[in-house]
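With PDB, C-alpha atoms, pLDDT in the B column inside, this is upload.pdb:
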ATOM      1  CA  MET A   1     110.488  71.716 157.299  1.00 46.00           C
ATOM      2  CA  SER A   2     109.729  68.297 158.745  1.00 51.00           C
ATOM      3  CA  GLU A   3     112.337  66.312 160.641  1.00 53.00           C
ATOM      4  CA  GLY A   4     111.121  62.919 159.391  1.00 51.00           C
ATOM      5  CA  PRO A   5     113.258  62.494 156.276  1.00 54.00           C
ATOM      6  CA  ARG A   6     116.383  63.912 157.927  1.00 58.00           C
ATOM      7  CA  GLN A   7     116.210  61.387 160.740  1.00 70.00           C
ATOM      8  CA  GLY A   8     116.541  58.572 158.226  1.00 81.00           C
ATOM      9  CA  MET A   9     119.553  59.999 156.434  1.00 89.00           C
ATOM     10  CA  ARG A  10     122.056  59.569 159.249  1.00 86.00           C
ATOM     11  CA  PRO A  11     121.330  55.876 159.906  1.00 86.00           C
ATOM     12  CA  ALA A  12     121.305  55.231 156.155  1.00 88.00           C
ATOM     13  CA  PHE A  13     124.722  56.882 155.812  1.00 89.00           C
ATOM     14  CA  ARG A  14     126.042  54.849 158.761  1.00 86.00           C
ATOM     15  CA  ARG A  15     124.865  51.612 157.142  1.00 86.00           C
ATOM     16  CA  TRP A  16     126.457  52.641 153.840  1.00 89.00           C
ATOM     17  CA  ARG A  17     129.705  53.613 155.582  1.00 89.00           C
ATOM     18  CA  ALA A  18     129.825  50.359 157.560  1.00 86.00           C
ATOM     19  CA  ALA A  19     129.585  48.286 154.369  1.00 89.00           C
ATOM     20  CA  ARG A  20     132.843  49.637 152.903  1.00 91.00           C
ATOM     21  CA  PRO A  21     136.362  50.735 153.934  1.00 93.00           C
ATOM     22  CA  PHE A  22     135.200  54.327 154.336  1.00 94.00           C
ATOM     23  CA  TRP A  23     138.145  55.852 156.171  1.00 94.00           C
ATOM     24  CA  GLY A  24     140.700  54.142 153.943  1.00 95.00           C
ATOM     25  CA  GLY A  25     139.082  55.409 150.740  1.00 96.00           C
ATOM     26  CA  LEU A  26     138.560  58.862 152.180  1.00 96.00           C
ATOM     27  CA  LEU A  27     142.177  59.219 153.323  1.00 97.00           C
ATOM     28  CA  LEU A  28     143.517  57.988 149.979  1.00 96.00           C
ATOM     29  CA  ALA A  29     141.308  60.445 148.092  1.00 96.00           C
ATOM     30  CA  LEU A  30     142.282  63.284 150.436  1.00 96.00           C
ATOM     31  CA  GLY A  31     145.959  62.429 149.975  1.00 94.00           C
ATOM     32  CA  GLY A  32     145.609  62.632 146.202  1.00 93.00           C
ATOM     33  CA  ALA A  33     143.677  65.907 146.435  1.00 92.00           C
ATOM     34  CA  GLU A  34     146.283  67.414 148.775  1.00 91.00           C
ATOM     35  CA  ILE A  35     149.135  66.502 146.431  1.00 89.00           C
ATOM     36  CA  LEU A  36     147.242  67.980 143.484  1.00 88.00           C
ATOM     37  CA  LEU A  37     146.747  71.204 145.422  1.00 86.00           C
ATOM     38  CA  THR A  38     150.455  71.477 146.220  1.00 84.00           C
ATOM     39  CA  GLU A  39     151.385  71.389 142.539  1.00 79.00           C
ATOM     40  CA  LYS A  40     152.248  74.930 141.491  1.00 70.00           C
ATOM     41  CA  ALA A  41     152.551  74.778 137.725  1.00 56.00           C
ATOM     42  CA  SER A  42     149.493  75.419 135.619  1.00 59.00           C
ATOM     43  CA  LEU A  43     148.330  72.791 133.148  1.00 56.00           C
ATOM     44  CA  LYS A  44     149.649  74.846 130.222  1.00 59.00           C
ATOM     45  CA  VAL A  45     153.162  74.922 131.692  1.00 52.00           C
ATOM     46  CA  MET A  46     152.964  71.276 132.717  1.00 51.00           C
ATOM     47  CA  LEU A  47     152.372  70.095 129.161  1.00 50.00           C
ATOM     48  CA  HIS A  48     155.712  71.576 128.153  1.00 51.00           C
ATOM     49  CA  THR A  49     157.754  70.044 130.970  1.00 54.00           C
ATOM     50  CA  GLY A  50     157.713  66.484 129.634  1.00 55.00           C
ATOM     51  CA  ALA A  51     156.921  63.117 131.153  1.00 59.00           C
ATOM     52  CA  GLN A  52     158.152  63.928 134.669  1.00 65.00           C
ATOM     53  CA  GLY A  53     155.802  66.904 134.913  1.00 72.00           C
ATOM     54  CA  LEU A  54     152.915  64.815 133.612  1.00 78.00           C
ATOM     55  CA  ALA A  55     153.595  62.150 136.247  1.00 80.00           C
ATOM     56  CA  GLY A  56     153.384  64.858 138.911  1.00 82.00           C
ATOM     57  CA  TYR A  57     149.725  65.335 138.014  1.00 85.00           C
ATOM     58  CA  LEU A  58     148.890  61.799 136.918  1.00 90.00           C
ATOM     59  CA  LEU A  59     149.841  59.969 140.114  1.00 91.00           C
ATOM     60  CA  PRO A  60     147.811  62.116 142.534  1.00 92.00           C
ATOM     61  CA  THR A  61     144.873  62.113 140.118  1.00 93.00           C
ATOM     62  CA  LEU A  62     144.965  58.319 140.081  1.00 95.00           C
ATOM     63  CA  MET A  63     145.190  58.323 143.885  1.00 95.00           C
ATOM     64  CA  LEU A  64     142.046  60.438 144.037  1.00 96.00           C
ATOM     65  CA  VAL A  65     140.246  58.115 141.614  1.00 97.00           C
ATOM     66  CA  LEU A  66     141.355  55.000 143.521  1.00 97.00           C
ATOM     67  CA  GLY A  67     140.107  56.491 146.787  1.00 96.00           C
ATOM     68  CA  LEU A  68     136.694  57.057 145.226  1.00 97.00           C
ATOM     69  CA  LEU A  69     136.712  53.564 143.725  1.00 97.00           C
ATOM     70  CA  ILE A  70     137.417  52.087 147.150  1.00 96.00           C
ATOM     71  CA  LEU A  71     134.383  53.951 148.479  1.00 96.00           C
ATOM     72  CA  PHE A  72     132.009  53.010 145.683  1.00 96.00           C
ATOM     73  CA  ASN A  73     133.340  49.571 144.675  1.00 94.00           C
ATOM     74  CA  PRO A  74     134.664  47.947 147.870  1.00 92.00           C
ATOM     75  CA  ALA A  75     134.730  44.451 146.344  1.00 92.00           C
ATOM     76  CA  GLN A  76     137.975  45.338 144.542  1.00 93.00           C
ATOM     77  CA  ARG A  77     139.569  47.071 147.549  1.00 93.00           C
ATOM     78  CA  LEU A  78     142.669  44.847 147.609  1.00 94.00           C
ATOM     79  CA  PHE A  79     143.761  45.801 144.095  1.00 96.00           C
ATOM     80  CA  TYR A  80     142.872  49.449 144.615  1.00 96.00           C
ATOM     81  CA  SER A  81     144.708  49.665 147.935  1.00 96.00           C
ATOM     82  CA  ILE A  82     147.888  48.010 146.651  1.00 97.00           C
ATOM     83  CA  THR A  83     147.883  50.286 143.627  1.00 97.00           C
ATOM     84  CA  GLY A  84     147.135  53.250 145.892  1.00 96.00           C
ATOM     85  CA  VAL A  85     150.098  52.624 148.172  1.00 96.00           C
ATOM     86  CA  LEU A  86     152.435  52.248 145.170  1.00 96.00           C
ATOM     87  CA  LEU A  87     151.151  55.493 143.655  1.00 94.00           C
ATOM     88  CA  SER A  88     151.460  57.247 147.020  1.00 94.00           C
ATOM     89  CA  LEU A  89     155.067  56.174 147.331  1.00 92.00           C
ATOM     90  CA  GLY A  90     155.689  57.229 143.734  1.00 90.00           C
ATOM     91  CA  THR A  91     154.620  60.774 144.524  1.00 88.00           C
ATOM     92  CA  TRP A  92     157.727  61.089 146.687  1.00 87.00           C
ATOM     93  CA  VAL A  93     159.720  61.525 143.488  1.00 85.00           C
ATOM     94  CA  THR A  94     157.197  63.156 141.168  1.00 84.00           C
ATOM     95  CA  SER A  95     155.156  65.582 143.277  1.00 81.00           C
ATOM     96  CA  ASN A  96     157.034  67.820 145.704  1.00 76.00           C
ATOM     97  CA  LEU A  97     158.070  65.019 148.069  1.00 78.00           C
ATOM     98  CA  GLY A  98     154.571  63.596 148.072  1.00 74.00           C
ATOM     99  CA  GLY A  99     152.829  66.876 148.738  1.00 75.00           C
ATOM    100  CA  PHE A 100     155.343  67.785 151.436  1.00 83.00           C
ATOM    101  CA  PHE A 101     154.847  64.381 153.132  1.00 88.00           C
ATOM    102  CA  ILE A 102     151.204  65.104 154.048  1.00 91.00           C
ATOM    103  CA  GLY A 103     149.612  63.648 150.929  1.00 90.00           C
ATOM    104  CA  LEU A 104     152.052  60.767 150.888  1.00 93.00           C
ATOM    105  CA  LEU A 105     151.255  59.806 154.484  1.00 94.00           C
ATOM    106  CA  LEU A 106     147.509  60.212 153.960  1.00 95.00           C
ATOM    107  CA  GLY A 107     147.681  58.008 150.866  1.00 95.00           C
ATOM    108  CA  VAL A 108     149.733  55.274 152.517  1.00 96.00           C
ATOM    109  CA  ALA A 109     147.585  55.267 155.674  1.00 97.00           C
ATOM    110  CA  GLY A 110     144.364  55.181 153.649  1.00 96.00           C
ATOM    111  CA  SER A 111     145.626  52.365 151.450  1.00 96.00           C
ATOM    112  CA  CYS A 112     146.647  50.330 154.489  1.00 96.00           C
ATOM    113  CA  LEU A 113     143.263  50.873 156.129  1.00 95.00           C
ATOM    114  CA  ALA A 114     141.460  49.810 152.976  1.00 96.00           C
ATOM    115  CA  PHE A 115     143.664  46.731 152.597  1.00 96.00           C
ATOM    116  CA  GLY A 116     143.060  45.609 156.170  1.00 93.00           C
ATOM    117  CA  TRP A 117     139.282  46.145 156.149  1.00 91.00           C
ATOM    118  CA  LEU A 118     137.204  42.969 156.474  1.00 87.00           C
ATOM    119  CA  PRO A 119     133.659  43.163 155.112  1.00 83.00           C
ATOM    120  CA  ASP A 120     131.856  40.617 157.303  1.00 80.00           C
ATOM    121  CA  GLN A 121     133.666  41.037 160.571  1.00 74.00           C
ATOM    122  CA  GLU A 122     131.471  41.300 163.622  1.00 75.00           C
ATOM    123  CA  PRO A 123     132.098  44.291 165.889  1.00 69.00           C
ATOM    124  CA  ARG A 124     134.771  43.878 168.538  1.00 74.00           C
ATOM    125  CA  ARG A 125     133.643  43.468 172.098  1.00 78.00           C
ATOM    126  CA  SER A 126     135.458  45.260 174.867  1.00 83.00           C
ATOM    127  CA  ARG A 127     137.349  43.387 177.536  1.00 89.00           C
ATOM    128  CA  ARG A 128     134.820  44.572 180.101  1.00 90.00           C
ATOM    129  CA  GLN A 129     131.956  43.135 178.050  1.00 89.00           C
ATOM    130  CA  ARG A 130     133.754  39.787 177.595  1.00 89.00           C
ATOM    131  CA  ARG A 131     134.402  39.536 181.355  1.00 92.00           C
ATOM    132  CA  ARG A 132     130.768  40.328 182.136  1.00 92.00           C
ATOM    133  CA  GLU A 133     129.583  37.642 179.693  1.00 91.00           C
ATOM    134  CA  ALA A 134     132.014  35.141 181.231  1.00 92.00           C
ATOM    135  CA  ARG A 135     130.696  35.927 184.738  1.00 93.00           C
ATOM    136  CA  GLU A 136     127.112  35.526 183.540  1.00 92.00           C
ATOM    137  CA  ALA A 137     127.919  32.198 181.877  1.00 91.00           C
ATOM    138  CA  LYS A 138     129.682  31.015 185.048  1.00 90.00           C
ATOM    139  CA  ALA A 139     126.687  32.009 187.148  1.00 90.00           C
ATOM    140  CA  VAL A 140     124.335  30.105 184.856  1.00 89.00           C
ATOM    141  CA  LEU A 141     126.539  26.989 185.085  1.00 87.00           C
ATOM    142  CA  GLU A 142     126.681  27.234 188.889  1.00 87.00           C
ATOM    143  CA  GLN A 143     122.885  27.519 189.092  1.00 88.00           C
ATOM    144  CA  ALA A 144     122.458  24.513 186.811  1.00 82.00           C
ATOM    145  CA  ALA A 145     124.780  22.367 188.965  1.00 71.00           C
TER     146      ALA A 145
END
Could you write out this file's structure as structure tokens?
Amino acid sequence: MSEGPRQGMRPAFRRWRAARPFWGGLLLALGGAEILLTEKASLKVMLHTGAQGLAGYLLPTLMLVLGLLILFNPAQRLFYSITGVLLSLGTWVTSNLGGFFIGLLLGVAGSCLAFGWLPDQEPRRSRRQRRREAREAKAVLEQAA
């Protein structure tokens, strides 16, 4: 097996991940999946419990879908993240205290990360790098004078 094609997959994934709010979408989807896994009733029983039981499955399913939409359609991330945080908070009432707090916290954190993501922001420079650049600029000015 040649290593050529595999070397290109990691940089391609990094470029794809950098162009979207990856961690926000992933955490929101994981929160929805965790809440769905904590539900104990089977689908057959759930259909007989009424609207409250249906909401217990509907909200985390929508959280999972919104997390995937944030990953694959980042242009609409603001709407998806606001809806995601509202659904996450709604699971407090409908789904075993939001999947025993774990799914709720994952959903809220992921929604906040997706909301705060900026698509065209240049990478942050460390304080050490800014100081070094300032020293270099000062040295260039002193040499020019």
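When the PyMOL selection byres ((chain A and resi 24-28) around 6) is run on the displayed coordinates, the residues it returns are Pro21, Phe22, Trp23, Ala29, Leu30, Gly31, Gly67, Ile70, Leu71, Leu106, Gly107, Gly110, Ser111, Leu113 and Ala114 of chain A.
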Exercise. Would you mind listing what lies within 12 Å of Ala19 of chain A as an MDAnalysis selection string, with only C-alpha atoms counted and same-chain residues fewer than 5 positions away left out?
Key: chainID A and resid 12:14 70:75 117:122
Around all the atoms of segment 113-118 of chain A listed in the file, draw an axis-aligned box and extend it by 5 Å on each of the six sides; I want its centre and edge lengths in Å to one decimal, as AutoDock Vina command-line options.
--center_x 140.4 --center_y 46.9 --center_z 154.5 --size_x 16.5 --size_y 17.9 --size_z 13.9
Quiz item: Near Leu62 of chain A, within 12 Å and counting all atoms listed in the file, which residues show up once chain neighbours fewer than 2 positions away are dropped, as a PyMOL selection string?
Solution: chain A and resi 28-33+35-36+55-60+64-69+80-81+83-88+90-91+107
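Proximity of A:Leu54, A:Ala18, A:Ala134, A:Met63 to Gly98 of chain A, computed with all atoms listed in the file, is greatest for A:Met63.
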Quiz item: Separation of atom CA of Leu89 of chain A and atom CA of Gly116 of chain A, in Å?
Solution: 18.3 Å
